[in-house]
$ cat final_21.cif   # mmCIF, C-alpha atoms
data_query
loop_
_atom_site.group_PDB
_atom_site.id
_atom_site.type_symbol
_atom_site.label_atom_id
_atom_site.label_comp_id
_atom_site.auth_asym_id
_atom_site.auth_seq_id
_atom_site.Cartn_x
_atom_site.Cartn_y
_atom_site.Cartn_z
ATOM 1 C CA MET Z 1 109.174 136.829 9.636
ATOM 2 C CA ASN Z 2 110.523 134.461 7.047
ATOM 3 C CA GLY Z 3 109.838 130.877 6.089
ATOM 4 C CA TRP Z 4 112.336 129.409 8.530
ATOM 5 C CA ILE Z 5 110.730 130.993 11.579
ATOM 6 C CA LEU Z 6 107.289 130.023 10.298
ATOM 7 C CA ALA Z 7 108.394 126.418 9.877
ATOM 8 C CA ALA Z 8 109.896 126.465 13.375
ATOM 9 C CA ALA Z 9 106.613 127.841 14.758
ATOM 10 C CA VAL Z 10 104.672 125.058 13.018
ATOM 11 C CA ILE Z 11 106.956 122.342 14.401
ATOM 12 C CA LEU Z 12 106.759 123.862 17.874
ATOM 13 C CA ALA Z 13 102.997 124.230 17.849
ATOM 14 C CA GLY Z 14 102.351 120.808 16.347
ATOM 15 C CA GLY Z 15 105.126 118.553 17.584
ATOM 16 C CA VAL Z 16 106.088 120.036 20.942
ATOM 17 C CA GLY Z 17 102.446 120.891 21.637
ATOM 18 C CA ALA Z 18 101.521 117.248 21.111
ATOM 19 C CA THR Z 19 104.314 116.121 23.442
ATOM 20 C CA VAL Z 20 103.220 118.585 26.147
ATOM 21 C CA TRP Z 21 99.722 117.104 25.962
ATOM 22 C CA GLY Z 22 101.113 113.559 25.869
ATOM 23 C CA VAL Z 23 103.326 114.051 28.916
ATOM 24 C CA ALA Z 24 100.482 115.541 30.946
ATOM 25 C CA THR Z 25 97.826 112.880 30.327
ATOM 26 C CA GLY Z 26 97.633 109.160 29.958
ATOM 27 C CA PRO Z 27 99.487 106.144 31.317
ATOM 28 C CA LEU Z 28 103.144 106.232 32.310
ATOM 29 C CA ARG Z 29 104.404 104.665 29.116
ATOM 30 C CA ARG Z 30 102.854 107.400 26.976
ATOM 31 C CA ARG Z 31 104.329 110.101 29.189
ATOM 32 C CA VAL Z 32 107.827 108.674 28.919
ATOM 33 C CA VAL Z 33 107.636 108.453 25.129
ATOM 34 C CA ALA Z 34 106.318 112.030 25.006
ATOM 35 C CA GLN Z 35 109.284 113.245 27.038
ATOM 36 C CA ASN Z 36 111.613 111.506 24.604
ATOM 37 C CA LEU Z 37 109.908 112.961 21.546
ATOM 38 C CA CYS Z 38 109.966 116.470 23.004
ATOM 39 C CA THR Z 39 113.720 116.566 22.337
ATOM 40 C CA ALA Z 40 113.289 115.027 18.886
ATOM 41 C CA PHE Z 41 110.919 117.829 17.876
ATOM 42 C CA ALA Z 42 112.615 120.716 19.679
ATOM 43 C CA CYS Z 43 116.072 120.123 18.186
ATOM 44 C CA PRO Z 44 115.036 120.643 14.522
ATOM 45 C CA ALA Z 45 112.972 123.646 15.636
ATOM 46 C CA LEU Z 46 116.099 125.181 17.171
ATOM 47 C CA LEU Z 47 118.040 124.534 13.945
ATOM 48 C CA LEU Z 48 115.319 126.288 11.950
ATOM 49 C CA LEU Z 49 115.295 129.227 14.374
ATOM 50 C CA SER Z 50 119.082 129.523 14.054
ATOM 51 C CA GLN Z 51 118.670 129.808 10.288
ATOM 52 C CA GLY Z 52 115.685 132.121 10.546
ATOM 53 C CA TYR Z 53 117.279 134.615 12.906
ATOM 54 C CA ASP Z 54 120.571 134.335 10.968
ATOM 55 C CA ARG Z 55 122.535 133.590 14.136
ATOM 56 C CA PRO Z 56 124.839 130.607 13.631
ATOM 57 C CA SER Z 57 125.533 130.561 17.362
ATOM 58 C CA TYR Z 58 122.055 129.144 17.996
ATOM 59 C CA VAL Z 59 123.222 125.842 16.511
ATOM 60 C CA ASP Z 60 125.084 125.315 19.794
ATOM 61 C CA LEU Z 61 121.681 125.140 21.512
ATOM 62 C CA ALA Z 62 120.577 122.367 19.185
ATOM 63 C CA LEU Z 63 123.905 120.601 19.809
ATOM 64 C CA VAL Z 64 123.505 120.697 23.586
ATOM 65 C CA LEU Z 65 119.879 119.601 23.354
ATOM 66 C CA ALA Z 66 120.789 116.707 21.045
ATOM 67 C CA LEU Z 67 123.291 115.558 23.693
ATOM 68 C CA LEU Z 68 121.311 116.190 26.886
ATOM 69 C CA GLY Z 69 117.833 115.194 25.725
ATOM 70 C CA PRO Z 70 118.633 111.491 25.329
ATOM 71 C CA VAL Z 71 120.551 111.630 28.628
ATOM 72 C CA GLY Z 72 117.338 112.761 30.325
ATOM 73 C CA THR Z 73 115.392 109.951 28.686
ATOM 74 C CA LEU Z 74 118.030 107.425 29.748
ATOM 75 C CA VAL Z 75 117.737 108.718 33.334
ATOM 76 C CA PHE Z 76 114.009 108.036 33.258
ATOM 77 C CA ALA Z 77 114.459 104.672 31.561
ATOM 78 C CA ARG Z 78 116.954 103.574 34.207
ATOM 79 C CA LEU Z 79 115.116 104.834 37.278
ATOM 80 C CA LEU Z 80 111.675 103.764 36.072
ATOM 81 C CA ALA Z 81 112.804 100.385 34.753
ATOM 82 C CA ASP Z 82 110.650 98.442 37.185
ATOM 83 C CA GLU Z 83 107.430 100.283 36.436
ATOM 84 C CA LEU Z 84 108.029 100.128 32.704
ATOM 85 C CA ALA Z 85 109.000 96.465 32.591
ATOM 86 C CA ASP Z 86 105.462 95.104 32.647
ATOM 87 C CA ASP Z 87 104.114 97.677 30.201
ATOM 88 C CA PRO Z 88 106.767 98.502 27.625
ATOM 89 C CA PRO Z 89 106.211 101.814 25.843
ATOM 90 C CA SER Z 90 105.969 101.815 22.098
ATOM 91 C CA ALA Z 91 104.852 104.676 19.916
ATOM 92 C CA TRP Z 92 106.551 103.944 16.661
ATOM 93 C CA GLY Z 93 104.197 106.160 14.673
ATOM 94 C CA LEU Z 94 105.155 109.338 16.485
ATOM 95 C CA THR Z 95 108.790 108.269 16.639
ATOM 96 C CA TYR Z 96 108.885 107.913 12.873
ATOM 97 C CA ALA Z 97 107.165 111.291 12.539
ATOM 98 C CA ALA Z 98 109.839 112.906 14.696
ATOM 99 C CA ALA Z 99 112.547 111.125 12.697
ATOM 100 C CA ALA Z 100 110.979 112.382 9.458
ATOM 101 C CA VAL Z 101 110.919 115.958 10.765
ATOM 102 C CA GLY Z 102 114.584 115.711 11.655
ATOM 103 C CA ALA Z 103 115.440 114.135 8.316
ATOM 104 C CA LEU Z 104 113.706 116.987 6.484
ATOM 105 C CA VAL Z 105 115.079 119.858 8.560
ATOM 106 C CA VAL Z 106 118.751 118.908 8.737
ATOM 107 C CA PRO Z 107 119.363 118.706 4.952
ATOM 108 C CA ALA Z 108 117.347 121.909 4.471
ATOM 109 C CA VAL Z 109 119.496 123.945 6.871
ATOM 110 C CA CYS Z 110 122.628 122.266 5.492
ATOM 111 C CA VAL Z 111 121.746 123.440 1.989
ATOM 112 C CA ALA Z 112 121.056 126.930 3.311
ATOM 113 C CA ALA Z 113 124.409 127.032 5.087
ATOM 114 C CA GLY Z 114 126.341 126.064 1.993
ATOM 115 C CA PRO Z 115 129.432 123.819 1.943
ATOM 116 C CA SER Z 116 131.538 125.060 4.836
ATOM 117 C CA ARG Z 117 132.475 124.264 8.415
ATOM 118 C CA ALA Z 118 128.972 125.373 9.399
ATOM 119 C CA MET Z 119 127.492 122.579 7.309
ATOM 120 C CA ALA Z 120 129.807 120.045 8.941
ATOM 121 C CA LYS Z 121 128.588 121.252 12.345
ATOM 122 C CA LEU Z 122 124.952 120.906 11.235
ATOM 123 C CA LEU Z 123 125.617 117.396 9.960
ATOM 124 C CA PHE Z 124 127.240 116.515 13.278
ATOM 125 C CA VAL Z 125 124.158 117.771 15.128
ATOM 126 C CA GLY Z 126 121.972 115.699 12.791
ATOM 127 C CA VAL Z 127 124.019 112.561 13.490
ATOM 128 C CA LEU Z 128 123.782 113.188 17.245
ATOM 129 C CA LEU Z 129 120.039 113.706 16.921
ATOM 130 C CA ILE Z 130 119.512 110.399 15.115
ATOM 131 C CA GLY Z 131 121.916 108.469 17.323
ATOM 132 C CA GLY Z 132 120.478 109.894 20.523
ATOM 133 C CA ASN Z 133 116.952 109.123 19.375
ATOM 134 C CA VAL Z 134 117.834 105.530 18.551
ATOM 135 C CA VAL Z 135 119.611 104.966 21.855
ATOM 136 C CA ALA Z 136 116.820 106.570 23.887
ATOM 137 C CA SER Z 137 114.036 104.668 22.089
ATOM 138 C CA ARG Z 138 115.832 101.361 22.522
ATOM 139 C CA ALA Z 139 116.441 102.048 26.202
ATOM 140 C CA LEU Z 140 112.767 102.901 26.704
ATOM 141 C CA SER Z 141 111.508 99.694 25.139
ATOM 142 C CA GLY Z 142 113.755 97.803 27.525
ATOM 143 C CA GLY Z 143 116.461 97.072 24.998
ATOM 144 C CA PHE Z 144 119.471 97.187 27.306
ATOM 145 C CA PRO Z 145 118.939 94.189 29.601
ATOM 146 C CA GLU Z 146 122.488 94.183 30.910
ATOM 147 C CA ALA Z 147 122.011 97.741 32.135
ATOM 148 C CA ARG Z 148 118.773 97.078 33.997
ATOM 149 C CA HIS Z 149 120.273 95.020 36.774
ATOM 150 C CA GLY Z 150 123.549 96.965 36.773
ATOM 151 C CA MET Y 1 105.322 138.920 12.461
ATOM 152 C CA ALA Y 2 108.073 137.057 14.215
ATOM 153 C CA ASP Y 3 105.748 137.483 17.177
ATOM 154 C CA ALA Y 4 103.841 134.384 16.119
ATOM 155 C CA VAL Y 5 106.633 132.093 17.256
ATOM 156 C CA ILE Y 6 106.909 134.038 20.534
ATOM 157 C CA VAL Y 7 103.173 133.550 21.104
ATOM 158 C CA VAL Y 8 103.511 129.825 20.392
ATOM 159 C CA ALA Y 9 106.426 129.507 22.817
ATOM 160 C CA LEU Y 10 104.565 131.425 25.539
ATOM 161 C CA LEU Y 11 101.479 129.237 25.128
ATOM 162 C CA LEU Y 12 103.616 126.091 25.361
ATOM 163 C CA VAL Y 13 105.281 127.358 28.541
ATOM 164 C CA ALA Y 14 101.891 128.183 30.067
ATOM 165 C CA ALA Y 15 100.511 124.747 29.171
ATOM 166 C CA SER Y 16 103.477 122.756 30.495
ATOM 167 C CA ALA Y 17 103.745 124.852 33.663
ATOM 168 C CA THR Y 18 100.039 124.229 34.352
ATOM 169 C CA ALA Y 19 100.555 120.533 33.702
ATOM 170 C CA ALA Y 20 103.550 120.512 36.067
ATOM 171 C CA VAL Y 21 101.455 122.027 38.836
ATOM 172 C CA ALA Y 22 98.533 119.702 38.127
ATOM 173 C CA ALA Y 23 100.700 116.556 38.274
ATOM 174 C CA ARG Y 24 100.354 115.017 41.716
ATOM 175 C CA ASP Y 25 102.762 112.080 41.663
ATOM 176 C CA PRO Y 26 106.435 113.171 41.867
ATOM 177 C CA VAL Y 27 107.510 110.748 39.142
ATOM 178 C CA ARG Y 28 105.006 112.117 36.644
ATOM 179 C CA GLN Y 29 105.884 115.618 37.734
ATOM 180 C CA ALA Y 30 109.554 114.906 36.971
ATOM 181 C CA LEU Y 31 108.588 113.962 33.413
ATOM 182 C CA VAL Y 32 106.569 117.141 32.959
ATOM 183 C CA LEU Y 33 109.404 119.208 34.462
ATOM 184 C CA SER Y 34 111.792 117.805 31.882
ATOM 185 C CA VAL Y 35 109.474 118.930 29.079
ATOM 186 C CA LEU Y 36 108.996 122.282 30.831
ATOM 187 C CA GLY Y 37 112.765 122.740 30.858
ATOM 188 C CA VAL Y 38 113.045 122.230 27.115
ATOM 189 C CA VAL Y 39 110.074 124.481 26.387
ATOM 190 C CA LEU Y 40 111.516 127.245 28.589
ATOM 191 C CA ALA Y 41 114.794 126.987 26.674
ATOM 192 C CA ILE Y 42 112.877 127.467 23.429
ATOM 193 C CA LEU Y 43 111.120 130.501 24.895
ATOM 194 C CA PHE Y 44 114.464 132.041 25.856
ATOM 195 C CA THR Y 45 115.753 131.368 22.346
ATOM 196 C CA VAL Y 46 112.896 133.124 20.578
ATOM 197 C CA LEU Y 47 113.307 136.048 22.969
ATOM 198 C CA GLN Y 48 116.924 136.311 21.733
ATOM 199 C CA ALA Y 49 118.618 135.142 24.927
ATOM 200 C CA PRO Y 50 120.621 132.100 23.793
ATOM 201 C CA ASP Y 51 123.028 132.064 26.726
ATOM 202 C CA VAL Y 52 120.149 131.820 29.183
ATOM 203 C CA ALA Y 53 118.667 129.087 27.014
ATOM 204 C CA LEU Y 54 121.969 127.186 27.129
ATOM 205 C CA SER Y 55 122.056 127.267 30.926
ATOM 206 C CA GLN Y 56 118.387 126.298 31.051
ATOM 207 C CA LEU Y 57 119.006 123.296 28.807
ATOM 208 C CA ALA Y 58 121.949 122.184 30.884
ATOM 209 C CA VAL Y 59 119.957 122.325 34.110
ATOM 210 C CA GLY Y 60 116.364 121.649 33.201
ATOM 211 C CA SER Y 61 116.472 118.786 30.767
ATOM 212 C CA ALA Y 62 118.506 116.274 32.728
ATOM 213 C CA LEU Y 63 119.580 117.582 36.123
ATOM 214 C CA THR Y 64 116.274 118.607 37.700
ATOM 215 C CA PRO Y 65 114.400 115.376 36.856
ATOM 216 C CA LEU Y 66 117.436 113.375 37.980
ATOM 217 C CA LEU Y 67 117.476 115.094 41.380
ATOM 218 C CA LEU Y 68 113.741 114.609 41.784
ATOM 219 C CA LEU Y 69 113.803 110.960 40.762
ATOM 220 C CA LEU Y 70 116.779 110.145 42.983
ATOM 221 C CA ALA Y 71 115.008 111.718 45.959
ATOM 222 C CA VAL Y 72 111.861 109.691 45.245
ATOM 223 C CA HIS Y 73 113.977 106.536 44.863
ATOM 224 C CA LYS Y 74 115.681 107.032 48.224
ATOM 225 C CA VAL Y 75 112.474 107.843 50.048
ATOM 226 C CA ARG Y 76 110.668 104.843 48.605
ATOM 227 C CA ARG Y 77 113.495 102.470 49.385
ATOM 228 C CA ARG Y 78 113.720 103.689 52.965
ATOM 229 C CA GLY Y 79 109.964 103.429 53.347
ATOM 230 C CA ARG Y 80 110.026 99.870 52.041
ATOM 231 C CA ARG Y 81 112.818 98.935 54.437
ATOM 232 C CA GLU Y 82 111.129 100.420 57.505
ATOM 233 C CA GLY Y 83 107.657 99.328 56.474
ATOM 234 C CA PRO Y 84 107.458 95.692 57.611
ATOM 235 C CA ARG Y 85 109.146 96.545 60.903
ATOM 236 C CA ARG Y 86 106.352 98.894 61.936
ATOM 237 C CA MET T 1 156.307 97.126 27.614
ATOM 238 C CA THR T 2 157.390 95.867 24.237
ATOM 239 C CA GLY T 3 158.086 98.107 21.287
ATOM 240 C CA ARG T 4 154.954 96.916 19.482
ATOM 241 C CA THR T 5 152.700 97.740 22.417
ATOM 242 C CA THR T 6 154.166 101.225 22.662
ATOM 243 C CA LEU T 7 153.639 101.732 18.947
ATOM 244 C CA LEU T 8 150.008 100.593 19.166
ATOM 245 C CA ALA T 9 149.366 102.859 22.156
ATOM 246 C CA ALA T 10 150.914 105.852 20.378
ATOM 247 C CA ALA T 11 148.906 105.140 17.212
ATOM 248 C CA GLU T 12 145.677 104.914 19.181
ATOM 249 C CA LEU T 13 146.410 108.167 21.029
ATOM 250 C CA LEU T 14 147.163 109.855 17.713
ATOM 251 C CA ALA T 15 143.918 108.595 16.191
ATOM 252 C CA TRP T 16 141.882 109.868 19.143
ATOM 253 C CA TRP T 17 143.705 113.195 19.017
ATOM 254 C CA ALA T 18 143.013 113.592 15.310
ATOM 255 C CA ALA T 19 139.315 112.805 15.712
ATOM 256 C CA LEU T 20 138.855 115.147 18.683
ATOM 257 C CA ALA T 21 140.840 117.959 17.043
ATOM 258 C CA ALA T 22 138.722 117.631 13.888
ATOM 259 C CA LEU T 23 135.589 117.799 16.017
ATOM 260 C CA TRP T 24 136.940 120.928 17.731
ATOM 261 C CA LEU T 25 137.628 122.543 14.354
ATOM 262 C CA VAL T 26 134.071 121.853 13.247
ATOM 263 C CA LEU T 27 132.468 123.161 16.406
ATOM 264 C CA ILE T 28 134.282 126.483 16.925
ATOM 265 C CA SER T 29 133.011 129.638 15.273
ATOM 266 C CA THR T 30 136.190 131.497 14.238
ATOM 267 C CA VAL T 31 139.513 129.879 13.455
ATOM 268 C CA ASP T 32 142.507 131.771 14.820
ATOM 269 C CA PRO T 33 145.820 130.568 16.308
ATOM 270 C CA LEU T 34 144.608 130.795 19.909
ATOM 271 C CA GLU T 35 141.657 128.539 19.130
ATOM 272 C CA LEU T 36 143.941 126.071 17.358
ATOM 273 C CA ALA T 37 146.329 125.956 20.311
ATOM 274 C CA VAL T 38 143.527 125.454 22.827
ATOM 275 C CA GLY T 39 141.968 122.812 20.599
ATOM 276 C CA ALA T 40 145.228 120.890 20.283
ATOM 277 C CA ALA T 41 145.765 120.903 24.065
ATOM 278 C CA VAL T 42 142.186 119.895 24.875
ATOM 279 C CA ALA T 43 142.236 117.190 22.202
ATOM 280 C CA ALA T 44 145.427 115.787 23.730
ATOM 281 C CA LEU T 45 143.836 115.598 27.174
ATOM 282 C CA GLY T 46 140.707 114.103 25.649
ATOM 283 C CA ALA T 47 142.748 111.488 23.805
ATOM 284 C CA LEU T 48 144.395 110.387 27.064
ATOM 285 C CA ALA T 49 140.998 110.225 28.789
ATOM 286 C CA ALA T 50 139.410 108.346 25.882
ATOM 287 C CA ARG T 51 142.159 105.748 25.769
ATOM 288 C CA ALA T 52 141.962 105.255 29.543
ATOM 289 C CA ALA T 53 138.175 104.899 29.343
ATOM 290 C CA ARG T 54 138.427 102.412 26.496
ATOM 291 C CA ARG T 55 140.904 100.304 28.415
ATOM 292 C CA ALA T 56 138.783 100.484 31.559
ATOM 293 C CA VAL T 57 135.636 99.352 29.787
ATOM 294 C CA SER T 58 137.556 97.024 27.441
ATOM 295 C CA ALA T 59 134.385 96.221 25.584
ATOM 296 C CA TRP T 60 135.589 97.203 22.128
#
$ encode --input "final_21.cif" --output "structure tokens"
Amino acid sequence: MNGWILAAAVILAGGVGATVWGVATGPLRRRVVAQNLCTAFACPALLLLSQGYDRPSYVDLALVLALLGPVGTLVFARLLADELADDPPSAWGLTYAAAAVGALVVPAVCVAAGPSRAMAKLLFVGVLLIGGNVVASRALSGGFPEARHG
Amino acid sequence: MADAVIVVALLLVAASATAAVAARDPVRQALVLSVLGVVLAILFTVLQAPDVALSQLAVGSALTPLLLLLAVHKVRRRGRREGPRR
Amino acid sequence: MTGRTTLLAAAELLAWWAALAALWLVLISTVDPLELAVGAAVAALGALAARAARRAVSAW
């Protein structure tokens, strides 16, 4: 049990726990945002677990999640566009919290990996995480009007 | 003491699975199932089964909710089309 | 097709190939000749697909 696994446990218990509660209760717009933030919290947790268990292959899990999580959110944003149009979801507080967690975790694991191809892979996962988060959040708040009637 | 993270993952799986069963509307259930997929993948990771977690991510985070939502979409559209005729 | 168009197409394919091959190099775990060969082939296919997709969307 080292610091990395402890940090991953804290992020899982706090962040993903909050999203599980948020997706189970409340109005539709809170549930959709919670589903989006679940990926944003789980991806840094997977990066920390990869460092904690000393298995670089676990970074592939974070990579796949950083790609598929926003795809899931886009699916919901597209197929629920009508119900969300009158009540646009916005939870910028939690979104910034998730972004802060990602911004703290990615440099930390990059430093631990040392300058190498592994660090380039971690940076790529970080870029995908940020980009996917931005795209998914914009799609949820109805920011792609040309895609809604497509 | 790496068991703490396993306990956390198990509790999360229990909570989201209960929430998935308790959700009545298929659309809300699809949202909870997406979160359940991610949480299951995390559980498989902490139990040192990353290949299972990879397959779980591929299926559970995007595919299962998509299938469910498409089915709901089709059923609702057909119901709306046949509705006024009845 | 004029000479300039061919040159532009070849340059674009080369740029896509370079980017995808670099991405492959970053993502694989061990670097050995088999991985390099597979990466070069896959990056070539990906470059063709990317150029076709870009021309189909023609938004850029």
$ closest_atom_pairs --input "final_21.cif" --of "chain Z" --to "chain T" --cutoff "7 Å" --atoms "only C-alpha atoms" --output "Markdown table"
| residue | atom | partner | partner_atom | distance |
| --- | --- | --- | --- | --- |
| Z:Arg117 | CA | T:Val26 | CA | 5.6 |
| Z:Ala120 | CA | T:Val26 | CA | 6.3 |
| Z:Lys121 | CA | T:Val26 | CA | 5.6 |
$ atom_distance --input "final_21.cif" --atom1 "atom CA of Leu37 of chain Z" --atom2 "atom CA of Ser34 of chain Y"
11.6 Å
$ resolve_selection --input "final_21.cif" --expression "the PyMOL selection byres ((chain Y and resi 20) around 12)" --output "list in words"
Val20, Trp21, Val23, Ala24 and Thr25 of chain Z; Val13, Ala14, Ala15, Ser16, Ala17, Thr18, Ala19, Val21, Ala22, Ala23, Arg24, Asp25, Pro26, Val27, Arg28, Gln29, Ala30, Leu31, Val32, Leu33, Ser34, Val35, Leu36 and Gly37 of chain Y
$ interface_residues --input "final_21.cif" --of "chain Z" --to "chain Y" --cutoff "9 Å" --atoms "all atoms listed in the file" --output "JSON list (two decimals) with C-alpha atoms, in the frame of the given file"
[["chain", "number", "residue", "atom", "x", "y", "z"],
["Z", 1, "MET", "CA", 109.17, 136.83, 9.64],
["Z", 2, "ASN", "CA", 110.52, 134.46, 7.05],
["Z", 5, "ILE", "CA", 110.73, 130.99, 11.58],
["Z", 6, "LEU", "CA", 107.29, 130.02, 10.30],
["Z", 8, "ALA", "CA", 109.90, 126.46, 13.38],
["Z", 9, "ALA", "CA", 106.61, 127.84, 14.76],
["Z", 10, "VAL", "CA", 104.67, 125.06, 13.02],
["Z", 12, "LEU", "CA", 106.76, 123.86, 17.87],
["Z", 13, "ALA", "CA", 103.00, 124.23, 17.85],
["Z", 16, "VAL", "CA", 106.09, 120.04, 20.94],
["Z", 17, "GLY", "CA", 102.45, 120.89, 21.64],
["Z", 19, "THR", "CA", 104.31, 116.12, 23.44],
["Z", 20, "VAL", "CA", 103.22, 118.58, 26.15],
["Z", 21, "TRP", "CA", 99.72, 117.10, 25.96],
["Z", 23, "VAL", "CA", 103.33, 114.05, 28.92],
["Z", 24, "ALA", "CA", 100.48, 115.54, 30.95],
["Z", 25, "THR", "CA", 97.83, 112.88, 30.33],
["Z", 28, "LEU", "CA", 103.14, 106.23, 32.31],
["Z", 31, "ARG", "CA", 104.33, 110.10, 29.19],
["Z", 32, "VAL", "CA", 107.83, 108.67, 28.92],
["Z", 34, "ALA", "CA", 106.32, 112.03, 25.01],
["Z", 35, "GLN", "CA", 109.28, 113.24, 27.04],
["Z", 36, "ASN", "CA", 111.61, 111.51, 24.60],
["Z", 38, "CYS", "CA", 109.97, 116.47, 23.00],
["Z", 39, "THR", "CA", 113.72, 116.57, 22.34],
["Z", 42, "ALA", "CA", 112.62, 120.72, 19.68],
["Z", 45, "ALA", "CA", 112.97, 123.65, 15.64],
["Z", 46, "LEU", "CA", 116.10, 125.18, 17.17],
["Z", 49, "LEU", "CA", 115.30, 129.23, 14.37],
["Z", 53, "TYR", "CA", 117.28, 134.62, 12.91],
["Z", 57, "SER", "CA", 125.53, 130.56, 17.36],
["Z", 58, "TYR", "CA", 122.06, 129.14, 18.00],
["Z", 60, "ASP", "CA", 125.08, 125.32, 19.79],
["Z", 61, "LEU", "CA", 121.68, 125.14, 21.51],
["Z", 64, "VAL", "CA", 123.50, 120.70, 23.59],
["Z", 65, "LEU", "CA", 119.88, 119.60, 23.35],
["Z", 68, "LEU", "CA", 121.31, 116.19, 26.89],
["Z", 69, "GLY", "CA", 117.83, 115.19, 25.72],
["Z", 70, "PRO", "CA", 118.63, 111.49, 25.33],
["Z", 71, "VAL", "CA", 120.55, 111.63, 28.63],
["Z", 72, "GLY", "CA", 117.34, 112.76, 30.32],
["Z", 73, "THR", "CA", 115.39, 109.95, 28.69],
["Z", 75, "VAL", "CA", 117.74, 108.72, 33.33],
["Z", 76, "PHE", "CA", 114.01, 108.04, 33.26],
["Z", 79, "LEU", "CA", 115.12, 104.83, 37.28],
["Z", 80, "LEU", "CA", 111.68, 103.76, 36.07]]
$ atom_distance --input "final_21.cif" --atom1 "atom CA of Ala43 of chain T" --atom2 "atom CA of Leu67 of chain Z"
19.1 Å
$ residues_around --input "final_21.cif" --residues "segment 47-58 of chain T" --least-positions-apart "6" --cutoff "10 Å" --atoms "all atoms listed in the file" --output "NGL selection string"
:T and (9 or 12-21 or 41)
$ atom_distance --input "final_21.cif" --atom1 "atom CA of Leu74 of chain Z" --atom2 "atom CA of Leu48 of chain Z"
26.1 Å
$ resolve_selection --input "final_21.cif" --expression "the PyMOL selection byres ((chain Z and resi 129) around 9)" --output "list in words"
Thr39, Ala40, Cys43, Pro44, Ala62, Leu63, Leu65, Ala66, Leu67, Pro70, Ala99, Gly102, Phe124, Val125, Gly126, Val127, Leu128, Ile130, Gly131, Gly132, Asn133 and Val134 of chain Z
$ build_atoms --input "final_21.cif" --residues "segment 1-13 of chain Z" --atoms "N, CA and C atoms" --output "PDB file, keeping the file's coordinate frame"
ATOM      1  N   MET Z   1     109.816 138.139   9.620  1.00  0.00           N
ATOM      2  CA  MET Z   1     109.174 136.829   9.636  1.00  0.00           C
ATOM      3  C   MET Z   1     109.422 136.132   8.309  1.00  0.00           C
ATOM      4  N   ASN Z   2     110.286 135.163   8.306  1.00  0.00           N
ATOM      5  CA  ASN Z   2     110.523 134.461   7.047  1.00  0.00           C
ATOM      6  C   ASN Z   2     110.097 132.999   7.178  1.00  0.00           C
ATOM      7  N   GLY Z   3     110.320 132.252   6.132  1.00  0.00           N
ATOM      8  CA  GLY Z   3     109.838 130.877   6.089  1.00  0.00           C
ATOM      9  C   GLY Z   3     110.428 129.998   7.159  1.00  0.00           C
ATOM     10  N   TRP Z   4     111.704 130.243   7.521  1.00  0.00           N
ATOM     11  CA  TRP Z   4     112.336 129.409   8.530  1.00  0.00           C
ATOM     12  C   TRP Z   4     111.630 129.542   9.865  1.00  0.00           C
ATOM     13  N   ILE Z   5     111.378 130.793  10.278  1.00  0.00           N
ATOM     14  CA  ILE Z   5     110.730 130.993  11.579  1.00  0.00           C
ATOM     15  C   ILE Z   5     109.315 130.437  11.555  1.00  0.00           C
ATOM     16  N   LEU Z   6     108.640 130.579  10.390  1.00  0.00           N
ATOM     17  CA  LEU Z   6     107.289 130.023  10.298  1.00  0.00           C
ATOM     18  C   LEU Z   6     107.326 128.512  10.439  1.00  0.00           C
ATOM     19  N   ALA Z   7     108.284 127.878   9.758  1.00  0.00           N
ATOM     20  CA  ALA Z   7     108.394 126.418   9.877  1.00  0.00           C
ATOM     21  C   ALA Z   7     108.699 126.006  11.311  1.00  0.00           C
ATOM     22  N   ALA Z   8     109.586 126.771  11.978  1.00  0.00           N
ATOM     23  CA  ALA Z   8     109.896 126.465  13.375  1.00  0.00           C
ATOM     24  C   ALA Z   8     108.655 126.595  14.243  1.00  0.00           C
ATOM     25  N   ALA Z   9     107.838 127.656  13.974  1.00  0.00           N
ATOM     26  CA  ALA Z   9     106.613 127.841  14.758  1.00  0.00           C
ATOM     27  C   ALA Z   9     105.657 126.679  14.545  1.00  0.00           C
ATOM     28  N   VAL Z  10     105.569 126.184  13.295  1.00  0.00           N
ATOM     29  CA  VAL Z  10     104.672 125.058  13.018  1.00  0.00           C
ATOM     30  C   VAL Z  10     105.135 123.810  13.752  1.00  0.00           C
ATOM     31  N   ILE Z  11     106.444 123.527  13.709  1.00  0.00           N
ATOM     32  CA  ILE Z  11     106.956 122.342  14.401  1.00  0.00           C
ATOM     33  C   ILE Z  11     106.749 122.469  15.900  1.00  0.00           C
ATOM     34  N   LEU Z  12     106.951 123.677  16.435  1.00  0.00           N
ATOM     35  CA  LEU Z  12     106.759 123.862  17.874  1.00  0.00           C
ATOM     36  C   LEU Z  12     105.296 123.661  18.245  1.00  0.00           C
ATOM     37  N   ALA Z  13     104.410 124.319  17.496  1.00  0.00           N
ATOM     38  CA  ALA Z  13     102.997 124.230  17.849  1.00  0.00           C
ATOM     39  C   ALA Z  13     102.493 122.802  17.693  1.00  0.00           C
TER      40      ALA Z  13
END
